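Peer 1: Input: one structure, supplied below.
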Amino acid sequence: MRRSSDLQPEIADESAWWRDAVFYQVYVRSFADANGDGVGDLDGIRSRLGYLELLGVDALWLTPFFTSPMADHGYDVADPRDVDPLFGDLAAFDRLVTEAHAHNLKVTIDLVPNHTSDRHAWFQAALRAGPGSVERDRFVFRDGGGFDGSVPPNNWPSQFGGPAWTRVPDGQWYLHLFAPEQPDLNWANAEVAADLAHTLRFWLDRGVDGFRIDVAHGMAKPYGLPNLDPRADPVGMHDNSLDPRFDDDGVHEIHRMIRKVIDEYPGRMAVGEIWVADDERFARYVRPDELHLGFNFRLVKAPFDADAVRTAIEHSLGAVRGVGAPPTWTLSNHDVPRHVTRYGGGALGAQRARAMTLVELALPGVVYLYNGEELGLPDVELPEWALQDPIWLRSGHTQRGRDGCRVPLPWEGDTPPFGFTRGVTTWLPQPNEWAGLTAESQLEDPDSMLSFYRHALELRKSHGAFNGDELEWYGAPPGCFAFRRKGGGLICALNTSGAPVPLPPGEVLLASGPMAGNQLPPDTAVWLV
């Protein structure tokens, strides 16, 4: 294993811990609540560190806990260098980092460099200062079109629907690629870069081990802000030739700046959220002087089909091969439906989720798990009454269509709130039928999803068959695939067809479900050595 810094290779050691780590995404408001208000918090996470150590993960990724009016669940940041009272305070954060490190867990946090909250002091100053001011230059303000300036400056849509421009009382418009409460920063302004460097050092000095960079393919905007091509898919994996809002070449200078700051602190890392379809353009983000890792979402987007999954794997490996970065794998996160639901829901979805977990954990590189997937949680169809719940309203839920994957975790007991809080209400309602999915009920059940994850993670960490960075593909029946890790020798086979198929040669190390002699059943994966 090697890590590059300033384009010079360095000997692998503890500083390269992230190259084959398993990260666990903690959706802070839904993980564990320590103060009884129904919303997860930093002390709640600290209370469950023993569980995370027992699970076998290496590092945590915490979603935003910064000062925020919560128009977008904290991704609208009003102060990037403080903790919102909803989640605790800086002392609580420091306690969490110290104790996580004592449990041999690294701590990484979100970074939101594309935009701020409209309540951020800078944006409020920009509104007061007026057109042409230095305060407005920190954001993307423009005059409108038409004889009276009432037409938005261009045709860009927001990722959350509607136009990406909002008009202010003095007639100018400001850009927001997401919610109107999230004005985009102007990365051509030197103050913006200096402030982000300040934020990076603030958290690095407090002991964080790295950052997940939100919208890492955003930030830089093309000269002249040209119109979006009407053929573009404005919410898909972005094709820069049609969609000028994302993946502008100027973004790479921003990532070089971020990397220079992080390299001042040995053993720290950054991973980018990169929705870019083209493999060569994706690779630019993980060059040796930019990000250490990049989320490639091909596996998330692939259906439960062997050919589609193999294609996603081959593209993801190919995208990073030439730049020396490890691939990064994930099946779920807080912005997509949980994979149990995507793969069919119910018992079938859970069976397929177990199979895809073995595929994911068999691959070389880095794995990101989403909290609750180790319990087999599905998406929840939220009731209409919950939309009026005062806790929910207070907590912010403008993107409620995505909240089915964000329901608070069930820890113990037979009825909601399942040990998530000592209060009686959670910010999103938990379904009664989750009684069989609690961590408590699964810990002592050797056949549970949680036990399956623990076993798989332990093997991945300890067994020599998982060595090697290259895959060798076997011939396989239609609807199936099998690959071998060159170097270690692990074989992973997946059957997405409707009938059993013969197993490749080898001794079964772990299967995602019951086996049928020397046959691999449908909707099942297996590890062999």
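Each chain in the structure tokens gets a letter, A, B, ..., in the order shown, and its residues are numbered from 1; ligands are numbered from 1 in order too.
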Using only C-alpha atoms, find each residue of stretch 321-375 of chain A with at least one atom at most 8 Å away from an atom of stretch 457-470 of chain A; report its shortest atom-to-atom pair and that distance in Å (one decimal), sort the rows by chain and rising residue number, and return the result as a tab-separated table.
Peer 2:
```
residue	atom	partner	partner_atom	distance
A:Leu361	CA	A:Arg460	CA	6.9
A:Ala362	CA	A:Phe466	CA	7.0
A:Pro364	CA	A:Asp469	CA	5.3
A:Gly365	CA	A:Asp469	CA	7.4
```
Peer 1: If you keep all heavy atoms, can you produce a file of those selected residues as a PDB file, in the first residue's frame?
Peer 2:
```pdb
ATOM      1  N   LEU A 361     -17.883  -6.377   0.323  1.00  0.00           N
ATOM      2  CA  LEU A 361     -16.775  -6.588   1.258  1.00  0.00           C
ATOM      3  C   LEU A 361     -15.670  -7.459   0.668  1.00  0.00           C
ATOM      4  O   LEU A 361     -14.568  -7.498   1.217  1.00  0.00           O
ATOM      5  CB  LEU A 361     -17.295  -7.204   2.557  1.00  0.00           C
ATOM      6  CG  LEU A 361     -18.183  -6.292   3.411  1.00  0.00           C
ATOM      7  CD1 LEU A 361     -18.720  -7.048   4.617  1.00  0.00           C
ATOM      8  CD2 LEU A 361     -17.427  -5.052   3.861  1.00  0.00           C
ATOM      9  N   ALA A 362     -15.944  -8.139  -0.432  1.00  0.00           N
ATOM     10  CA  ALA A 362     -14.908  -8.937  -1.095  1.00  0.00           C
ATOM     11  C   ALA A 362     -14.008  -8.098  -1.988  1.00  0.00           C
ATOM     12  O   ALA A 362     -12.931  -8.554  -2.390  1.00  0.00           O
ATOM     13  CB  ALA A 362     -15.554 -10.043  -1.933  1.00  0.00           C
ATOM     14  N   PRO A 364     -11.452  -5.128  -3.370  1.00  0.00           N
ATOM     15  CA  PRO A 364     -10.318  -4.373  -2.827  1.00  0.00           C
ATOM     16  C   PRO A 364     -10.686  -2.910  -2.646  1.00  0.00           C
ATOM     17  O   PRO A 364     -11.498  -2.359  -3.392  1.00  0.00           O
ATOM     18  CB  PRO A 364      -9.246  -4.546  -3.905  1.00  0.00           C
ATOM     19  CG  PRO A 364     -10.004  -4.792  -5.170  1.00  0.00           C
ATOM     20  CD  PRO A 364     -11.233  -5.559  -4.764  1.00  0.00           C
ATOM     21  N   GLY A 365     -10.095  -2.282  -1.635  1.00  0.00           N
ATOM     22  CA  GLY A 365     -10.329  -0.859  -1.435  1.00  0.00           C
ATOM     23  C   GLY A 365     -11.089  -0.571  -0.165  1.00  0.00           C
ATOM     24  O   GLY A 365     -10.989  -1.277   0.836  1.00  0.00           O
TER      25      GLY A 365
END
```
Peer 1: For stretch 304-313 of chain A, find every residue with an atom within 6 Å (counting only C-alpha atoms), except residues of its own chain fewer than 2 positions away, and show them as a list of chain:residue names.
Peer 2: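 The contact residues come out as A:Arg298, A:Leu299, A:Ala302, A:His315, A:Ser316, A:Gly479, A:Cys480, A:Thr496.
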Peer 1: Would you output that residue set with C-alpha atoms, as a PDB file, in the first residue's frame?
Peer 2:
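Written output follows (again17.pdb):
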```pdb
ATOM      1  CA  ARG A 298     -22.043   3.043  -9.729  1.00  0.00           C
ATOM      2  CA  LEU A 299     -22.672   0.225  -7.257  1.00  0.00           C
ATOM      3  CA  ALA A 302     -26.766  -0.855 -10.190  1.00  0.00           C
ATOM      4  CA  HIS A 315     -15.820   0.823 -14.153  1.00  0.00           C
ATOM      5  CA  SER A 316     -15.111   1.699 -10.515  1.00  0.00           C
ATOM      6  CA  GLY A 479     -27.166 -14.116 -14.287  1.00  0.00           C
ATOM      7  CA  CYS A 480     -24.069 -14.971 -12.262  1.00  0.00           C
ATOM      8  CA  THR A 496     -28.845 -13.296  -9.454  1.00  0.00           C
TER       9      THR A 496
END
```
Peer 1: Between A:Val208, A:Val261, A:Ala216, A:Val168, which residue has the minimum interatomic distance to A:Val112, considering only C-alpha atoms?
Peer 2: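 Nearest to A:Val112: A:Ala216.
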Peer 1: Check the smallest atom-to-atom distance from each of A:Leu49, A:Leu54, A:Ala188, A:Ile254 to A:Thr98 using only C-alpha atoms, then report the winner.
Peer 2: A:Leu49
Peer 1: From the list A:Cys492, A:Ala32, A:Leu185, A:Leu363, which residue is nearest A:His115 when using only C-alpha atoms?
Peer 2: A:Leu185
Peer 1: Taking the DSSP assignment computed from this structure's backbone, write out as number ranges by chain all residues of stretch 232-382 of chain A that belong to alpha helix (DSSP H).
Peer 2: A: 251-262, 279-284, 298-301, 306-321, 339-342, 346-362
